[in-house]
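**Student:** Encoded as structure tokens, here's the structure I'll be asking about.
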There are 2 protein chains.
Amino acid sequence: MKNSKNSLLRTGLGLLLAAVPLPAMADEGMWLYNDPPRAQLKEHYGFEVTDAWLEHLQKSSVRFNSGGSGEFISEDGLILSNHHVGADTLQKLSTKEKDYLQQGFHAKTLEEEIKAPDLELNVLMGIEDVTARVNAAVKPGMTDDEASKARRAVMAEIEKESKDKTGERSDVVTLYQGGLYHLYRYKRYTDVRVVFAPEQQAAFYGGDPDNFEYPRFDLDVCFFRAWEDGKPAKIRHWLKWSQEGTKDGDLVFVSGHPGRTSRSLTMAELEYVRDVQLPRGMQRLYRAETILSAFSARSLENQRRAKDELFGVQNSRKARRGGLAGLQDPALFGKKAAEEKTLKEKIAGSPELKEALTAYDRIAAAQKVIGENAKLYGLLEGGGAFNSELFGIARTLVRAAAELPKPNGERLREFAEAGLESLKLSLFSSKPIYPDLEELQLTDSLGFLIEELGADAPLTQKILAGKSPSARAVQLLAGTRMLDVAFRQKLYEGGQAAIDAAKDDPMIALVLAVDNEARALRKIMEAQSEAKQQAHGQIAKAKFALQGTGTYPDATFTLRLAFGTVKGYEEGGLTVPPHTTLAGLYERSKEQENRPPFDLPKTWETAKPKLDLNVPYNFVSTADIIGGNSGSPVVDRKGEFVGIIFDGNIQSLVLDYAYSDTQARAVSVDSRGIVEALKNVYGADKLLGEIRTGKLTE
Amino acid sequence: MKNSKNSLLRTGLGLLLAAVPLPAMADEGMWLYNDPPRAQLKEHYGFEVTDAWLEHLQKSSVRFNSGGSGEFISEDGLILSNHHVGADTLQKLSTKEKDYLQQGFHAKTLEEEIKAPDLELNVLMGIEDVTARVNAAVKPGMTDDEASKARRAVMAEIEKESKDKTGERSDVVTLYQGGLYHLYRYKRYTDVRVVFAPEQQAAFYGGDPDNFEYPRFDLDVCFFRAWEDGKPAKIRHWLKWSQEGTKDGDLVFVSGHPGRTSRSLTMAELEYVRDVQLPRGMQRLYRAETILSAFSARSLENQRRAKDELFGVQNSRKARRGGLAGLQDPALFGKKAAEEKTLKEKIAGSPELKEALTAYDRIAAAQKVIGENAKLYGLLEGGGAFNSELFGIARTLVRAAAELPKPNGERLREFAEAGLESLKLSLFSSKPIYPDLEELQLTDSLGFLIEELGADAPLTQKILAGKSPSARAVQLLAGTRMLDVAFRQKLYEGGQAAIDAAKDDPMIALVLAVDNEARALRKIMEAQSEAKQQAHGQIAKAKFALQGTGTYPDATFTLRLAFGTVKGYEEGGLTVPPHTTLAGLYERSKEQENRPPFDLPKTWETAKPKLDLNVPYNFVSTADIIGGNSGSPVVDRKGEFVGIIFDGNIQSLVLDYAYSDTQARAVSVDSRGIVEALKNVYGADKLLGEIRTGKLTE
């Protein structure tokens, strides 16, 4: 459910997926905060969206830049998110001696809270439509490449102006894949401290086997606190904790950051996803899962080191396998084809719109070029051949030296002025990098390179330098100084001269050896992306003209509002009720004879007699969510916190391509289950006091 | 270490791997029993191989047709093999209620021994050179296809004559890939009963993480008994159990059935293995491992059902990953290239041999055709698209109806008269087939078909019949009667008319729908195999002429003699001594905090105070082995049993392509460790008595 940030999968193709609106039905939609589903909510639920209600929910919502969502729940900066969103930070803070990810963490005082090494949180402060200004920069007659450059330049300019003016993080977001451009301004928090995390065995009870399944029994929560100027941050908008929780049939809202959907792809794109992109991605996931599992199994310390990454890989594998199964189902795929056919006929029937039909052909043509370059692009630019954190760091340093001297608008997008603070937070992070895991993964990816390009290809030979994958990985890792954060800072500050002087570092040398090819491929892919974007923009405009707005764009890891009903579903002739209870946790453990990952943490074994086992623990609703929504608050009509999204069921895995409310459900931890656990399992009275009162208590 | 019999990997390409002899060095070699390394043993070890010594070892050795080796150890038919060789049978005999694979089995009386449902054991009784007769059947001027048919016909004829005359199983074995043809006659045992198996946790201690690693602490043994006419079989040749065991530096012999090596491939073939065959095979293994692991994790019963197959997949994954790493190492690959170059130069220098140079080109040409057809062949004939036991049964029945009416020599090889008893043993086996596992694997392989051929390919559409992979699998499995053994027998006996009448069975219908394509592909592949075989035969003859015989052919899952020294090795600057002790088992468990798969079985926890922890447990030697040798006896100069092969270390995984004694080692259970465990962990006094005396005791 987390927005995948696994470097294995950063092929960049994700960026190329495109969007065009479809008419929204039932509880469908990941709605823009500046274009909320007022009419739908009024009509179906008699609910009136007020501006105050909306602003409060918006500013109580938090984006975890590491790939998830969260929410403020006290005026003193207390934040709730999922344990599996916090896992990245918990892993980075852990050592062999104190494993917070596995054993949990509980700061009983403010002083005991521990600072995340590189976590950035964003709170959306405002949205501004900048479509006209962006479009004006692209002049008729420009090539795709020129248009791409012009657009990038104007976006960087808008962002920098906004950042200079407001001091806030400013991102121009492409919506409807070029139908609209909105400027999103965020307040950033970079002093973020961990307050409380349960044991992973409570948070992720049932592990990978129960992931994306329902019924569930997970305490998938992690509490953080935003600090400013050495004190807990003072927060104006935060969510009140509901006293009542939810019952079957209740209307609920979800406010979070869905990472990516692909609902508006054309058939040419969907075929590519089904036939090439997903199968190829799955191959890499199967391989990564096998290798990380085998590494983990060799020792307890290995298991600890690989844990968070293995979770990410397994999570993606399950999610994508579900998505691919959807696309391989003629029923779903046929429906998408029929929808496109209908839309094309309508466009063809309108003299002023029918020019937009050519957009489909341009998308297909661009997709073809993307397909031709995808393999090499994935290897060189997408991390396929270099699955190594240290390689990534070396590449960022090499490119920073080349990009930063350029005018803001001409840089590669990740080096634009407005994002440099975030980039440095990550680049100079003190998070641990494990040499054995690096060696395993770099060796494997160099072997993958040979398999993909052949042992005798000039590029292979240049990269392997006459060595076996294993020997080459050992040489690169033994010789590089990229582990040293101070050295990274020195290279970053020193610019091109420092890079030139560091060419004896084998990782820097390797980056330099492949960077021309990698950049050339990226240029090709970005031009095709631009071509697709313009074409999608044209289709989107035709669609606006035919159907009006009142819809929502594909997900973009920006704040969206979803809504739905607390509601069970039918499966295999049986009714799955919406809520589970704490009793179910103990039953699940018993039926599995308490074997991992169904074993109970000791705290929960001990606490059983004290617990009210009838308390609701997890629940499902029809809200429209996807990876990235993890940690999103679920609120009731009053805007009070009733639960936190942490997963979707197995039937929800096709939501990437099409919404359905037949069986697909969003899965949340119930606010009442959280309170019962904090009180009677963890004795977290101070934290409970803050939740109840909305402020720090003595 | 077991000879892979995983249907996922039965691409048939294994059959096409070819052999040509290289000069043997040091302890290298998997020697023919009718051409043993007398000179090497005399020269290096001063050991004289007598005919009596050789015959005794030969006839004490047992082949497990399920893919391993074993040995007689009493005159009353007691047989020892590995637990992981017996696992297939233990799995078939287990139910949800009594899981012999996991919990072990101990028959305290003859009556308690349980019969394996479909296990066939072979004991090699004699070898006869039939090269001249086979070669005479292939006339000059025949096409590859005609030559292939003629050769198959004469081999079937020789086998049938031998079977009719001796009553023994008779197989013509192709050695040196066509350099020699030998007739192997076997005594068959099909009433085989399980006597004793430890818990899998003792046998396969350390699980997949420690598989192919050393030091090891495994009691990888399983005792069987051959029965005849309702009584324990009377055996003339069986191995005496050594009183002394081995010490560092001892000469030892290994007598077993190495499954396949690829040491004599030409560079064209090796490149194909490195660039296509292994990477493609690995992809399927990663996928199978992920899917089976996820299935296993969902429940204890799932875990039980998938256990043996998952072990096979993980074992193959590790073995092939090691093999691929070897081929991707320019040092090893360059050495193979240099050897081929030298040989070619020698051939070119001899006027009467140089015609043999064309053989290399013919092999390369055949390899090219194989490569062009491999994908489709793997899908249709190799199980890639139909990973289902029930599909396999349906196909065997459909083909039996078509093949059996043909003259013996014209049938597909697996339907030749001499092998029909073995075929029926497997076809009518009462082993359990689990519908949920079938559904999982058939769904997945139909999805794989879509990924490989595309959703719109006519063949895909014919197979999927407009359904999703999941829906199609459910339909096929719900409608077929292939689970019913009596129905299988009826179809088999009823021939073509019965098949015609069973066309409403959806699995039979599916087999019929693809059988023409599948057979056509097989024909192409067999013709190429024949072409390669002739070419390899020509190279082999040139090599015999240049270097003489006194060498050994690539492994063919027939009985071979290997030898070597009990000897440790250096790794990472440390010396790994040859023997481990029982104490090491408890140390390994402690360092892993007893977590699975490093947890101790209860029996071993309890027994610790009684055990002599200094008793040797496992040991390594330089003997030349490969998968299929699992369960092979290790004997000393006297021919007495001192251990049983069960694995190779990680450095041995390149032995498929080239022998080395630097670090590569064969791993055995020490005879003394077996005795100590039987006595003080399992209290198996009667079994111990039989081992000590060589006959059943009261």
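Residue numbering restarts at 1 in every chain; chains get A, B, ... in the order shown in the structure tokens, and ligands count up from 1 in that same order.
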Excluding same-chain residues fewer than 6 positions from region 475-482 of chain A, what lies within 12 Å of it counting only C-alpha atoms, as JSON, numbers by chain?

**Tutor:** {"A": [386, 388, 389, 390, 391, 392, 393, 394, 395, 396, 397, 398, 427, 428, 429, 430, 433, 434, 435, 436, 437, 438, 439, 440, 441, 442, 443, 446, 463, 464, 465, 466, 467, 468, 469, 488, 489, 490, 491, 492, 502, 503, 504, 505, 506, 507, 508, 509, 510, 511]}

**Student:** Selected residues, N, CA and C atoms, written as a tab-separated table (two decimals), in the first residue's frame, please.

**Tutor:**
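What follows is the written file out38.tsv:
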```
chain	number	residue	atom	x	y	z
A	386	PHE	N	22.87	-1.40	-11.86
A	386	PHE	CA	23.64	-0.85	-10.73
A	386	PHE	C	22.76	-0.75	-9.49
A	388	SER	N	22.72	-0.42	-6.34
A	388	SER	CA	23.65	-0.08	-5.27
A	388	SER	C	23.38	1.33	-4.80
A	389	GLU	N	23.23	1.49	-3.50
A	389	GLU	CA	23.01	2.83	-2.95
A	389	GLU	C	24.23	3.72	-3.22
A	390	LEU	N	25.40	3.12	-3.14
A	390	LEU	CA	26.62	3.93	-3.31
A	390	LEU	C	26.77	4.38	-4.76
A	391	PHE	N	26.36	3.53	-5.70
A	391	PHE	CA	26.37	3.97	-7.09
A	391	PHE	C	25.42	5.16	-7.26
A	392	GLY	N	24.24	5.07	-6.65
A	392	GLY	CA	23.26	6.16	-6.76
A	392	GLY	C	23.81	7.46	-6.20
A	393	ILE	N	24.51	7.36	-5.09
A	393	ILE	CA	25.10	8.55	-4.49
A	393	ILE	C	26.18	9.13	-5.41
A	394	ALA	N	27.03	8.26	-5.95
A	394	ALA	CA	28.08	8.72	-6.85
A	394	ALA	C	27.48	9.41	-8.07
A	395	ARG	N	26.41	8.84	-8.59
A	395	ARG	CA	25.78	9.45	-9.77
A	395	ARG	C	25.21	10.82	-9.44
A	396	THR	N	24.56	10.93	-8.29
A	396	THR	CA	23.99	12.22	-7.91
A	396	THR	C	25.09	13.27	-7.78
A	397	LEU	N	26.23	12.89	-7.21
A	397	LEU	CA	27.33	13.84	-7.06
A	397	LEU	C	27.90	14.25	-8.41
A	398	VAL	N	28.10	13.27	-9.29
A	398	VAL	CA	28.64	13.57	-10.62
A	398	VAL	C	27.70	14.52	-11.37
A	427	LEU	N	20.91	13.06	0.24
A	427	LEU	CA	22.29	12.79	-0.18
A	427	LEU	C	23.26	12.73	0.99
A	428	PHE	N	23.01	13.53	1.99
A	428	PHE	CA	23.92	13.58	3.14
A	428	PHE	C	23.37	12.84	4.35
A	429	SER	N	22.43	11.99	4.12
A	429	SER	CA	21.83	11.23	5.21
A	429	SER	C	22.87	10.34	5.88
A	430	SER	N	22.74	10.21	7.19
A	430	SER	CA	23.65	9.33	7.94
A	430	SER	C	23.11	7.90	8.03
A	433	ILE	N	24.47	2.14	5.44
A	433	ILE	CA	24.52	1.41	4.17
A	433	ILE	C	25.39	0.18	4.44
A	434	TYR	N	24.83	-1.01	4.19
A	434	TYR	CA	25.52	-2.23	4.59
A	434	TYR	C	26.34	-2.81	3.44
A	435	PRO	N	27.66	-2.91	3.64
A	435	PRO	CA	28.52	-3.38	2.56
A	435	PRO	C	28.14	-4.78	2.03
A	436	ASP	N	27.69	-5.67	2.92
A	436	ASP	CA	27.37	-7.01	2.43
A	436	ASP	C	26.13	-7.01	1.55
A	437	LEU	N	25.16	-6.19	1.93
A	437	LEU	CA	23.94	-6.09	1.12
A	437	LEU	C	24.25	-5.39	-0.20
A	438	GLU	N	25.09	-4.38	-0.13
A	438	GLU	CA	25.53	-3.70	-1.36
A	438	GLU	C	26.21	-4.69	-2.32
A	439	GLU	N	27.08	-5.51	-1.76
A	439	GLU	CA	27.83	-6.46	-2.58
A	439	GLU	C	26.88	-7.47	-3.23
A	440	LEU	N	25.96	-7.96	-2.43
A	440	LEU	CA	24.98	-8.92	-2.95
A	440	LEU	C	24.21	-8.33	-4.12
A	441	GLN	N	23.72	-7.12	-3.93
A	441	GLN	CA	22.83	-6.54	-4.92
A	441	GLN	C	23.58	-6.01	-6.14
A	442	LEU	N	24.76	-5.47	-5.91
A	442	LEU	CA	25.55	-4.98	-7.05
A	442	LEU	C	26.03	-6.17	-7.89
A	443	THR	N	26.48	-7.22	-7.23
A	443	THR	CA	26.88	-8.43	-7.96
A	443	THR	C	25.72	-8.94	-8.81
A	446	LEU	N	24.95	-6.63	-11.80
A	446	LEU	CA	25.95	-6.74	-12.86
A	446	LEU	C	25.77	-8.05	-13.64
A	463	ILE	N	31.64	-1.96	-18.48
A	463	ILE	CA	31.19	-1.92	-17.08
A	463	ILE	C	31.87	-3.00	-16.25
A	464	LEU	N	31.99	-4.20	-16.80
A	464	LEU	CA	32.58	-5.31	-16.03
A	464	LEU	C	34.10	-5.24	-15.98
A	465	ALA	N	34.69	-4.57	-16.95
A	465	ALA	CA	36.15	-4.38	-16.97
A	465	ALA	C	36.92	-5.71	-16.85
A	466	GLY	N	36.44	-6.71	-17.57
A	466	GLY	CA	37.17	-7.98	-17.63
A	466	GLY	C	37.02	-8.85	-16.40
A	467	LYS	N	36.14	-8.46	-15.48
A	467	LYS	CA	35.96	-9.22	-14.24
A	467	LYS	C	34.61	-9.93	-14.22
A	468	SER	N	34.50	-10.89	-13.31
A	468	SER	CA	33.19	-11.49	-13.06
A	468	SER	C	32.35	-10.47	-12.29
A	469	PRO	N	31.02	-10.59	-12.31
A	469	PRO	CA	30.17	-9.65	-11.56
A	469	PRO	C	30.60	-9.56	-10.10
A	488	ARG	N	31.25	13.03	0.69
A	488	ARG	CA	30.17	13.41	-0.23
A	488	ARG	C	29.96	14.92	-0.21
A	489	GLN	N	29.93	15.48	1.00
A	489	GLN	CA	29.72	16.92	1.11
A	489	GLN	C	30.84	17.69	0.41
A	490	LYS	N	32.06	17.19	0.58
A	490	LYS	CA	33.22	17.83	-0.04
A	490	LYS	C	33.07	17.81	-1.58
A	491	LEU	N	32.68	16.67	-2.10
A	491	LEU	CA	32.50	16.57	-3.56
A	491	LEU	C	31.38	17.49	-4.03
A	492	TYR	N	30.30	17.54	-3.26
A	492	TYR	CA	29.15	18.36	-3.66
A	492	TYR	C	29.54	19.83	-3.67
A	502	ALA	N	38.44	13.33	-8.16
A	502	ALA	CA	38.04	12.07	-7.51
A	502	ALA	C	37.85	10.94	-8.50
A	503	LYS	N	38.42	11.09	-9.68
A	503	LYS	CA	38.21	10.08	-10.72
A	503	LYS	C	38.87	8.75	-10.39
A	504	ASP	N	39.76	8.77	-9.40
A	504	ASP	CA	40.35	7.48	-9.00
A	504	ASP	C	39.41	6.69	-8.11
A	505	ASP	N	38.31	7.33	-7.65
A	505	ASP	CA	37.30	6.57	-6.92
A	505	ASP	C	36.58	5.70	-7.96
A	506	PRO	N	36.61	4.35	-7.78
A	506	PRO	CA	36.10	3.49	-8.87
A	506	PRO	C	34.60	3.67	-9.13
A	507	MET	N	33.85	4.06	-8.11
A	507	MET	CA	32.42	4.24	-8.34
A	507	MET	C	32.17	5.52	-9.15
A	508	ILE	N	32.89	6.58	-8.81
A	508	ILE	CA	32.81	7.82	-9.59
A	508	ILE	C	33.24	7.53	-11.04
A	509	ALA	N	34.31	6.78	-11.19
A	509	ALA	CA	34.80	6.47	-12.54
A	509	ALA	C	33.75	5.68	-13.32
A	510	LEU	N	33.08	4.75	-12.66
A	510	LEU	CA	32.05	3.96	-13.35
A	510	LEU	C	30.88	4.85	-13.77
A	511	VAL	N	30.46	5.73	-12.87
A	511	VAL	CA	29.37	6.66	-13.23
A	511	VAL	C	29.77	7.46	-14.46
```

**Student:** When you look at region 280-289 of chain B with a cut-off of 7 Å (counting only C-alpha atoms), what residues show up, excluding the ones that are within fewer than 6 positions of it in the same chain? I need them as a list in words.

**Tutor:** Gln283, Tyr286, Arg287 and Thr290 of chain A; Leu310, Val313, Gln314 and Arg317 of chain B

**Student:** Just C-alpha atoms for this one: save the residues we selected as a PDB file, in the first residue's frame.

**Tutor:**
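Ended up saving to again15.pdb:
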```pdb
ATOM      1  CA  GLN A 283      10.738 -10.761 -13.319  1.00  0.00           C
ATOM      2  CA  TYR A 286      10.722 -12.322  -8.309  1.00  0.00           C
ATOM      3  CA  ARG A 287      14.470 -12.220  -8.562  1.00  0.00           C
ATOM      4  CA  THR A 290      14.385 -14.619  -3.922  1.00  0.00           C
TER       5      THR A 290
ATOM      6  CA  LEU B 310       9.651 -25.866  -2.981  1.00  0.00           C
ATOM      7  CA  VAL B 313      12.989 -25.306  -6.782  1.00  0.00           C
ATOM      8  CA  GLN B 314      15.244 -23.688  -4.184  1.00  0.00           C
ATOM      9  CA  ARG B 317      17.911 -22.063  -8.031  1.00  0.00           C
TER      10      ARG B 317
END
```

**Student:** Could you give me, as a tab-separated table, a per-residue list for chain B showing, wherever an atom lies at most 8 Å from an atom of chain A, the closest pair of atoms and their distance in Å to one decimal, using only C-alpha atoms and sorting by chain then residue number from low to high?

**Tutor:**
```
residue	atom	partner	partner_atom	distance
B:Asp208	CA	A:Ala294	CA	7.6
B:Pro209	CA	A:Arg298	CA	5.2
B:Asp210	CA	A:Arg298	CA	7.2
B:Arg274	CA	A:Glu451	CA	8.0
B:Asp275	CA	A:Glu451	CA	5.9
B:Val276	CA	A:Glu451	CA	7.7
B:Pro279	CA	A:Glu451	CA	6.4
B:Gln283	CA	A:Gln283	CA	6.5
B:Tyr286	CA	A:Arg287	CA	5.3
B:Arg287	CA	A:Tyr286	CA	5.3
B:Glu289	CA	A:Thr290	CA	7.1
B:Thr290	CA	A:Tyr286	CA	6.1
B:Ala294	CA	A:Pro209	CA	6.1
B:Phe295	CA	A:Pro209	CA	7.7
B:Ala297	CA	A:Pro209	CA	5.6
B:Arg298	CA	A:Pro209	CA	5.2
B:Ser299	CA	A:Gln592	CA	6.4
B:Leu300	CA	A:Gln592	CA	6.5
B:Ala325	CA	A:Ser468	CA	7.8
B:Gln328	CA	A:Ser468	CA	6.1
B:Asp329	CA	A:Ser468	CA	4.4
B:Pro330	CA	A:Ser468	CA	6.2
B:Gly447	CA	A:Gln328	CA	7.5
B:Ile450	CA	A:Gln328	CA	7.7
B:Glu451	CA	A:Asp275	CA	5.9
B:Gly454	CA	A:Asp275	CA	6.3
B:Ala455	CA	A:Gln328	CA	7.4
B:Gly466	CA	A:Pro330	CA	6.8
B:Lys467	CA	A:Pro330	CA	6.5
B:Ser468	CA	A:Asp329	CA	4.4
B:Pro469	CA	A:Asp329	CA	7.4
B:Gln592	CA	A:Ser299	CA	6.4
```

**Student:** Which residues are near Gln58 (chain B)? Cut-off 8 Å, only C-alpha atoms, ignore same chain within fewer than 6 positions. Put them as a list in words.

**Tutor:**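 Everything that qualifies: Tyr33, Leu124, Ser255 and Leu559 of chain B.
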
**Student:** Please provide the set of residues having any atom within 9 Å of region 644-658 of chain A, restricted to only C-alpha atoms, with same-chain residues fewer than 5 positions apart removed, written as a ChimeraX atom specification.

**Tutor:** /A:1-2,70,80-84,211-215,218,220-221,254,260-265,270,318-327,332,336,620,624-627,629-635,663-671

**Student:** Which residues come within 8 Å of Glu414 (chain A), counting only C-alpha atoms, excluding same-chain residues fewer than 5 positions away, as a list in words?

**Tutor:**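 Here the qualifying residues turn out to be Gly419, Leu420 and Leu423 of chain A.
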
**Student:** Write out the residues from the selection above, keeping C-alpha atoms, as a PDB file, in the first residue's frame.

**Tutor:**
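Output saved as again-v1.pdb:
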```pdb
ATOM      1  CA  GLY A 419      14.058  20.856  -4.601  1.00  0.00           C
ATOM      2  CA  LEU A 420      17.704  21.163  -3.561  1.00  0.00           C
ATOM      3  CA  LEU A 423      17.914  16.433  -2.363  1.00  0.00           C
TER       4      LEU A 423
END
```

**Student:** For region 231-248 of chain B, list every protein, DNA or RNA residue within 10 Å, evaluated using only C-alpha atoms, and leave out those in the same chain fewer than 4 positions away; present the list as a PyMOL selection string.

**Tutor:** chain B and resi 55-61+71-79+110+189+191-193+225-227+252+565-568+577-579+616+619-621+633-636+638-643+670-673+675+691-696

**Student:** Using only C-alpha atoms, which residues sit within 7 Å of Arg169 (chain B) once same-chain residues fewer than 6 positions away are excluded, as a ChimeraX atom specification?

**Tutor:** /B:163,185-188,418

**Student:** Per DSSP on the backbone, filter region 553-658 of chain A down to the residues in alpha helix (DSSP H) and report them as a PyMOL selection string.

**Tutor:** chain A and resi 582-591+602-607

**Student:** Please produce a file of the residues just selected, as a tab-separated table (two decimals), in the first residue's frame, where the atoms kept are N, CA, C and O atoms.

**Tutor:**
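The new file part_3.tsv reads:
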```tsv
chain	number	residue	atom	x	y	z
A	582	LEU	N	-10.44	-7.52	18.17
A	582	LEU	CA	-9.19	-8.01	18.76
A	582	LEU	C	-9.22	-9.52	18.98
A	582	LEU	O	-8.19	-10.19	18.89
A	583	ALA	N	-10.40	-10.06	19.22
A	583	ALA	CA	-10.51	-11.52	19.41
A	583	ALA	C	-9.98	-12.26	18.19
A	583	ALA	O	-9.35	-13.32	18.31
A	584	GLY	N	-10.23	-11.70	17.00
A	584	GLY	CA	-9.81	-12.36	15.77
A	584	GLY	C	-8.31	-12.55	15.67
A	584	GLY	O	-7.83	-13.51	15.08
A	585	LEU	N	-7.57	-11.64	16.27
A	585	LEU	CA	-6.10	-11.75	16.26
A	585	LEU	C	-5.68	-13.05	16.94
A	585	LEU	O	-4.85	-13.80	16.42
A	586	TYR	N	-6.28	-13.30	18.09
A	586	TYR	CA	-5.88	-14.49	18.85
A	586	TYR	C	-6.35	-15.77	18.15
A	586	TYR	O	-5.68	-16.80	18.19
A	587	GLU	N	-7.49	-15.67	17.47
A	587	GLU	CA	-7.98	-16.84	16.73
A	587	GLU	C	-7.06	-17.16	15.55
A	587	GLU	O	-6.75	-18.31	15.28
A	588	ARG	N	-6.64	-16.12	14.85
A	588	ARG	CA	-5.76	-16.33	13.69
A	588	ARG	C	-4.45	-16.99	14.15
A	588	ARG	O	-3.94	-17.90	13.50
A	589	SER	N	-3.93	-16.51	15.24
A	589	SER	CA	-2.68	-17.07	15.75
A	589	SER	C	-2.86	-18.54	16.10
A	589	SER	O	-2.01	-19.38	15.80
A	590	LYS	N	-3.99	-18.86	16.70
A	590	LYS	CA	-4.24	-20.24	17.12
A	590	LYS	C	-4.34	-21.16	15.91
A	590	LYS	O	-3.77	-22.24	15.88
A	591	GLU	N	-5.09	-20.73	14.89
A	591	GLU	CA	-5.28	-21.61	13.73
A	591	GLU	C	-3.98	-21.84	12.98
A	591	GLU	O	-3.81	-22.82	12.28
A	602	LYS	N	5.16	-11.05	22.52
A	602	LYS	CA	5.01	-11.38	23.95
A	602	LYS	C	4.06	-10.41	24.65
A	602	LYS	O	3.26	-10.80	25.48
A	603	THR	N	4.19	-9.10	24.30
A	603	THR	CA	3.33	-8.09	24.93
A	603	THR	C	1.85	-8.42	24.76
A	603	THR	O	1.05	-8.22	25.66
A	604	TRP	N	1.52	-8.94	23.59
A	604	TRP	CA	0.11	-9.24	23.30
A	604	TRP	C	-0.33	-10.53	23.98
A	604	TRP	O	-1.49	-10.67	24.37
A	605	GLU	N	0.59	-11.47	24.12
A	605	GLU	CA	0.26	-12.69	24.87
A	605	GLU	C	-0.05	-12.34	26.32
A	605	GLU	O	-1.05	-12.78	26.89
A	606	THR	N	0.81	-11.50	26.88
A	606	THR	CA	0.65	-11.11	28.28
A	606	THR	C	-0.62	-10.29	28.50
A	606	THR	O	-1.32	-10.45	29.50
A	607	ALA	N	-0.93	-9.43	27.53
A	607	ALA	CA	-2.03	-8.47	27.73
A	607	ALA	C	-3.41	-9.08	27.55
A	607	ALA	O	-4.42	-8.48	27.95
```

**Student:** Between A:Ala359, A:Gly384, A:Leu353, A:Arg411, single out the one closest to Ala542 (chain A), counting only C-alpha atoms.

**Tutor:**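 For Ala542 (chain A), the nearest of the candidates is A:Leu353.
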
**Student:** From the DSSP assignment of the backbone, select every residue of region 253-437 of chain A that is strand (DSSP E), and format the answer as a count of residues only.

**Tutor:** 4

**Student:** Using only C-alpha atoms, which of the listed residues (A:Lys139, A:Lys424, A:Arg413, A:Arg637) sits closest to Ala156 (chain A)?

**Tutor:**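 Smallest separation from Ala156 (chain A) among the options: A:Arg413.
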
**Student:** Enter the distance from CA of Leu425 (chain A) to CA of Glu493 (chain A), in Å, rounded to one decimal.

**Tutor:** 14.4 Å

**Student:** Using CA of Ile370 (chain A) and CA of Gln528 (chain A) as the two end points, give the distance in Å to one decimal.

**Tutor:** 6.9 Å
